[in-house]
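Enquirer: Input structure.txt, format and content: compact mmCIF, C-alpha atoms.
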```txt
# COMPACT_ATOMS: atom_id res chain seq x y z
CA MET A 1 0.00 0.00 0.00
CA LEU A 2 1.40 3.37 -1.04
CA LEU A 3 1.70 5.86 1.82
CA TYR A 4 2.98 8.92 -0.04
CA GLY A 5 5.28 10.07 -2.81
CA ASN A 6 5.57 11.84 -6.13
CA GLY A 7 5.66 8.84 -8.45
CA GLU A 8 9.42 8.75 -8.99
CA VAL A 9 10.15 8.49 -5.25
CA ALA A 10 7.40 6.99 -3.14
CA VAL A 11 6.99 5.18 0.16
CA ARG A 12 4.92 2.07 0.61
CA ARG A 13 4.02 0.34 3.85
CA LEU A 14 6.52 -2.22 5.19
CA GLU A 15 5.16 -5.75 4.65
CA PRO A 16 6.12 -9.11 6.19
CA GLU A 17 7.58 -10.30 2.87
CA ASP A 18 10.16 -7.48 3.02
CA THR A 19 12.30 -9.27 5.61
CA GLU A 20 14.73 -10.87 3.15
CA LEU A 21 15.46 -7.56 1.44
CA LEU A 22 16.09 -5.91 4.83
CA VAL A 23 18.46 -8.75 5.77
CA ASN A 24 20.33 -8.27 2.47
CA TRP A 25 20.65 -4.51 2.93
CA LEU A 26 21.54 -4.69 6.63
CA SER A 27 24.26 -7.27 6.12
CA ASP A 28 26.02 -5.16 3.46
CA PRO A 29 29.07 -3.46 5.07
CA SER A 30 28.76 -0.41 2.79
CA VAL A 31 25.20 0.21 4.05
CA LEU A 32 26.06 -0.64 7.66
CA GLU A 33 28.86 1.92 7.66
CA TYR A 34 26.13 4.57 7.71
CA TYR A 35 23.25 2.71 9.38
CA GLU A 36 23.73 0.61 12.53
CA GLY A 37 27.48 -0.02 12.05
CA ARG A 38 29.52 -2.67 10.26
CA ASP A 39 29.86 -4.57 13.52
CA ARG A 40 26.06 -5.07 13.71
CA PRO A 41 24.97 -7.03 10.62
CA HIS A 42 21.34 -8.14 10.72
CA ASP A 43 20.23 -11.70 10.25
CA MET A 44 16.57 -12.76 9.95
CA ASP A 45 16.01 -12.88 13.73
CA ARG A 46 17.42 -9.40 14.24
CA VAL A 47 15.33 -7.95 11.40
CA LEU A 48 12.18 -9.56 12.80
CA GLU A 49 12.94 -8.18 16.27
CA HIS A 50 13.80 -4.61 15.20
CA PHE A 51 11.34 -4.08 12.37
CA TYR A 52 8.38 -6.31 13.26
CA GLY A 53 8.43 -6.55 17.08
CA ASP A 54 5.51 -5.78 19.39
CA ASP A 55 6.91 -2.42 20.49
CA THR A 56 6.70 -0.95 16.99
CA GLU A 57 3.02 -0.01 16.69
CA ASP A 58 3.60 3.77 16.95
CA ILE A 59 6.34 3.68 14.33
CA GLY A 60 5.47 4.37 10.70
CA ARG A 61 7.63 1.99 8.69
CA GLY A 62 7.98 2.08 4.95
CA PHE A 63 9.96 0.93 1.96
CA VAL A 64 11.40 3.60 -0.27
CA ARG A 65 10.62 3.06 -3.94
CA TYR A 66 12.41 4.66 -6.84
CA ASN A 67 10.66 4.24 -10.19
CA SER A 68 8.69 1.31 -8.69
CA GLN A 69 11.82 -0.48 -7.39
CA ASP A 70 12.45 -1.02 -3.65
CA VAL A 71 15.68 0.80 -2.79
CA GLY A 72 15.52 1.79 0.89
CA TYR A 73 13.79 2.02 4.23
CA ILE A 74 12.26 4.84 6.29
CA GLN A 75 10.65 5.11 9.69
CA PHE A 76 8.98 7.97 11.51
CA TYR A 77 7.52 8.14 14.99
CA PRO A 78 6.11 10.61 17.52
CA LEU A 79 8.74 11.64 20.07
CA GLY A 80 8.08 10.44 23.60
CA ASN A 81 8.41 12.52 26.74
CA GLU A 82 11.91 11.25 27.53
CA GLU A 83 13.25 12.25 24.11
CA ARG A 84 11.44 15.59 24.28
CA GLY A 85 13.29 16.28 27.53
CA ILE A 86 16.69 15.23 26.18
CA TYR A 87 16.21 17.37 23.08
CA GLY A 88 14.86 20.42 24.94
CA TYR A 89 11.25 20.21 23.76
CA SER A 90 9.53 19.54 27.11
CA GLU A 91 7.50 22.75 26.87
CA PHE A 92 6.46 22.32 23.23
CA ALA A 93 2.80 21.31 23.16
CA GLY A 94 2.63 20.33 19.49
CA SER A 95 3.40 17.12 17.71
CA ILE A 96 7.09 16.21 17.24
CA TYR A 97 8.19 13.44 14.91
CA GLY A 98 11.55 11.78 14.55
CA MET A 99 12.62 10.06 11.36
CA ASP A 100 15.39 7.71 10.19
CA GLN A 101 16.08 6.38 6.73
CA PHE A 102 18.63 4.74 4.47
CA ILE A 103 19.04 3.80 0.85
CA GLY A 104 19.83 0.08 0.98
CA LYS A 105 21.18 -0.29 -2.53
CA PRO A 106 24.51 1.55 -2.87
CA SER A 107 24.07 1.63 -6.66
CA PHE A 108 21.25 4.12 -6.00
CA TRP A 109 23.37 6.47 -3.86
CA ASN A 110 24.26 9.94 -5.14
CA ARG A 111 21.21 10.18 -7.42
CA GLY A 112 19.18 12.62 -5.33
CA ILE A 113 16.80 9.91 -4.11
CA GLY A 114 17.54 10.61 -0.43
CA SER A 115 16.87 14.30 -0.92
CA GLN A 116 13.55 13.60 -2.65
CA LEU A 117 12.67 11.12 0.09
CA VAL A 118 13.33 13.66 2.85
CA LYS A 119 11.30 16.31 1.02
CA GLU A 120 8.33 13.96 0.48
CA THR A 121 8.45 12.68 4.06
CA VAL A 122 8.56 16.18 5.56
CA GLN A 123 5.54 17.14 3.47
CA TYR A 124 3.69 13.97 4.57
CA LEU A 125 4.50 14.47 8.25
CA ILE A 126 3.35 18.09 8.17
CA GLU A 127 0.24 17.69 6.03
CA VAL A 128 -1.01 14.29 7.22
CA LYS A 129 0.47 13.82 10.70
CA HIS A 130 0.37 17.57 11.56
CA ALA A 131 3.96 17.59 12.81
CA GLY A 132 4.95 20.84 14.46
CA ILE A 133 8.62 19.83 14.53
CA ILE A 134 10.52 17.03 12.79
CA VAL A 135 13.87 15.94 14.21
CA MET A 136 16.76 13.66 13.36
CA ASP A 137 20.07 12.96 15.07
CA PRO A 138 22.69 12.08 12.43
CA GLN A 139 26.25 11.40 13.48
CA CYS A 140 28.52 14.44 13.13
CA TRP A 141 30.93 12.70 10.75
CA ASN A 142 28.17 11.92 8.24
CA GLN A 143 28.51 15.09 6.18
CA ARG A 144 26.70 13.62 3.19
CA ALA A 145 23.54 13.03 5.24
CA LEU A 146 23.79 16.41 6.96
CA HIS A 147 24.06 18.11 3.56
CA VAL A 148 20.88 16.37 2.33
CA TYR A 149 18.95 17.31 5.47
CA GLU A 150 20.09 20.93 5.48
CA LYS A 151 19.32 21.23 1.77
CA ASN A 152 15.75 20.25 2.69
CA GLY A 153 15.27 22.85 5.42
CA PHE A 154 16.62 21.13 8.54
CA ARG A 155 18.94 23.11 10.78
CA ARG A 156 21.44 22.03 13.41
CA THR A 157 20.18 22.94 16.86
CA MET A 158 22.20 20.99 19.43
CA LEU A 159 25.36 18.94 19.60
CA LEU A 160 24.66 15.59 21.28
CA PRO A 161 28.04 14.39 22.62
CA ARG A 162 28.59 10.62 22.75
CA HIS A 163 24.95 10.09 21.74
CA GLU A 164 24.93 6.97 19.55
CA TRP A 165 26.81 3.68 19.73
CA HIS A 166 28.39 3.01 16.34
CA GLU A 167 31.17 0.59 15.48
CA GLY A 168 32.50 0.12 18.99
CA GLU A 169 32.25 3.65 20.35
CA LEU A 170 29.82 6.36 21.36
CA ARG A 171 29.69 8.94 18.58
CA ASP A 172 28.71 12.60 18.64
CA CYS A 173 25.52 13.49 16.79
CA TRP A 174 23.73 16.65 15.75
CA LEU A 175 20.13 17.24 16.68
CA ILE A 176 18.62 18.76 13.57
CA GLU A 177 15.09 20.11 13.26
CA TYR A 178 12.56 21.16 10.70
CA LEU A 179 9.85 23.52 11.91
CA GLY A 180 6.45 22.45 10.64
CA THR A 181 2.95 23.70 11.32
CA GLY A 182 3.32 24.34 15.04
CA GLU A 183 0.12 22.40 15.81
```
As structure tokens - that is how I would like this structure written.
Expert:
Amino acid sequence: MLLYGNGEVAVRRLEPEDTELLVNWLSDPSVLEYYEGRDRPHDMDRVLEHFYGDDTEDIGRGFVRYNSQDVGYIQFYPLGNEERGIYGYSEFAGSIYGMDQFIGKPSFWNRGIGSQLVKETVQYLIEVKHAGIIVMDPQCWNQRALHVYEKNGFRRTMLLPRHEWHEGELRDCWLIEYLGTGE
């Protein structure tokens, strides 16, 4: 089922039959370098736990499609109270969404697909989910991702020292935000 998109880049709902493709993508060291870490390859059990577990009902999960071909994964979710506090949004009464994504086929990198995906997802979260703020926390070293996000209207708001475990160490991240409707 299609969730949103412009035809060329679209997002469809994650389905149970997508597990093998997720395992393939998340066992590829070139993908893992940017998502989860090369020391954390995913087998079928890990994919089932992280992407299909019971605690995932509030998470919107989708497959990124480029010209009708599955090329990546995206998730978005309302921020909970704990994250709101960590990120400095305790007093914000509106809806705040976080999002994470990756292009799982390296042959589709550097084609502008990620940028189109971010643009389409921001529009969806604002228009359909009424997001007042959208946040992400990319690692500081990932300049390619930061460039895509900033090109699409996100801005760096807070350095998060030693925020994310990646390849054997805690890495610094940037909290980046996109201001939506304010609802």
Enquirer: Quick one: pull the distance between atom CA of Val122 of chain A and atom CA of Tyr178 of chain A, Å, one decimal.
Expert: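 Those two atoms sit 8.2 Å apart.
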Enquirer: Select, from A:Arg84, A:Arg12, A:Lys105, A:Arg46, the residue with the minimum atom-to-atom distance to Thr121 of chain A, counting all atoms listed in the file.
Expert: A:Arg12
Enquirer: Would you please work out which residue, of A:Asp172, A:Glu83, A:Glu8, A:Glu15, is nearest to Leu117 of chain A when using all atoms listed in the file?
Expert: A:Glu8
Enquirer: Could you tell me how far atom CA of Thr19 of chain A lies from atom CA of Ile113 of chain A, in Å and to one decimal?
Expert: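 Between these atoms lies a distance of 22.0 Å.
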Enquirer: Would you mind telling me which residue in A:Pro78, A:Pro41, A:Gly114, A:Gly153 lies nearest to Ala10 of chain A when using all atoms listed in the file?
Expert: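 Of A:Pro78, A:Pro41, A:Gly114, A:Gly153, the one nearest Ala10 of chain A is A:Gly114, counting all atoms listed in the file.
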Enquirer: Which residue is closest to Ile86 of chain A? Choose from A:Ile133, A:Leu32, A:Leu160, A:Leu2 and count all atoms listed in the file.
Expert: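 Answer, going by the shortest atom-to-atom distance: A:Leu160.
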Enquirer: Using only C-alpha atoms, find the one residue out of A:Gly98, A:Arg144, A:Glu17, A:Ile126 that sits nearest to Asn110 of chain A.
Expert: A:Arg144
Enquirer: Rounded to one decimal, what separation in Å do you get between atom CA of Arg38 of chain A and atom CA of Met99 of chain A?
Expert: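 Computing it gives 21.2 Å between the two atoms.
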Enquirer: Restricting the calculation to all atoms listed in the file: of A:Val118, A:Glu33, A:Gly53, A:Tyr97, which residue gets closest to Glu167 of chain A?
Expert: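 Of the candidates, the smallest distance to Glu167 of chain A is held by A:Glu33.
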Enquirer: Using all atoms listed in the file, determine which residues lie at most 8 Å from Tyr149 of chain A, disregarding the query and same-chain residues fewer than 5 positions distant; provide the list as a PyMOL selection string.
Expert: chain A and resi 115+118+154-155
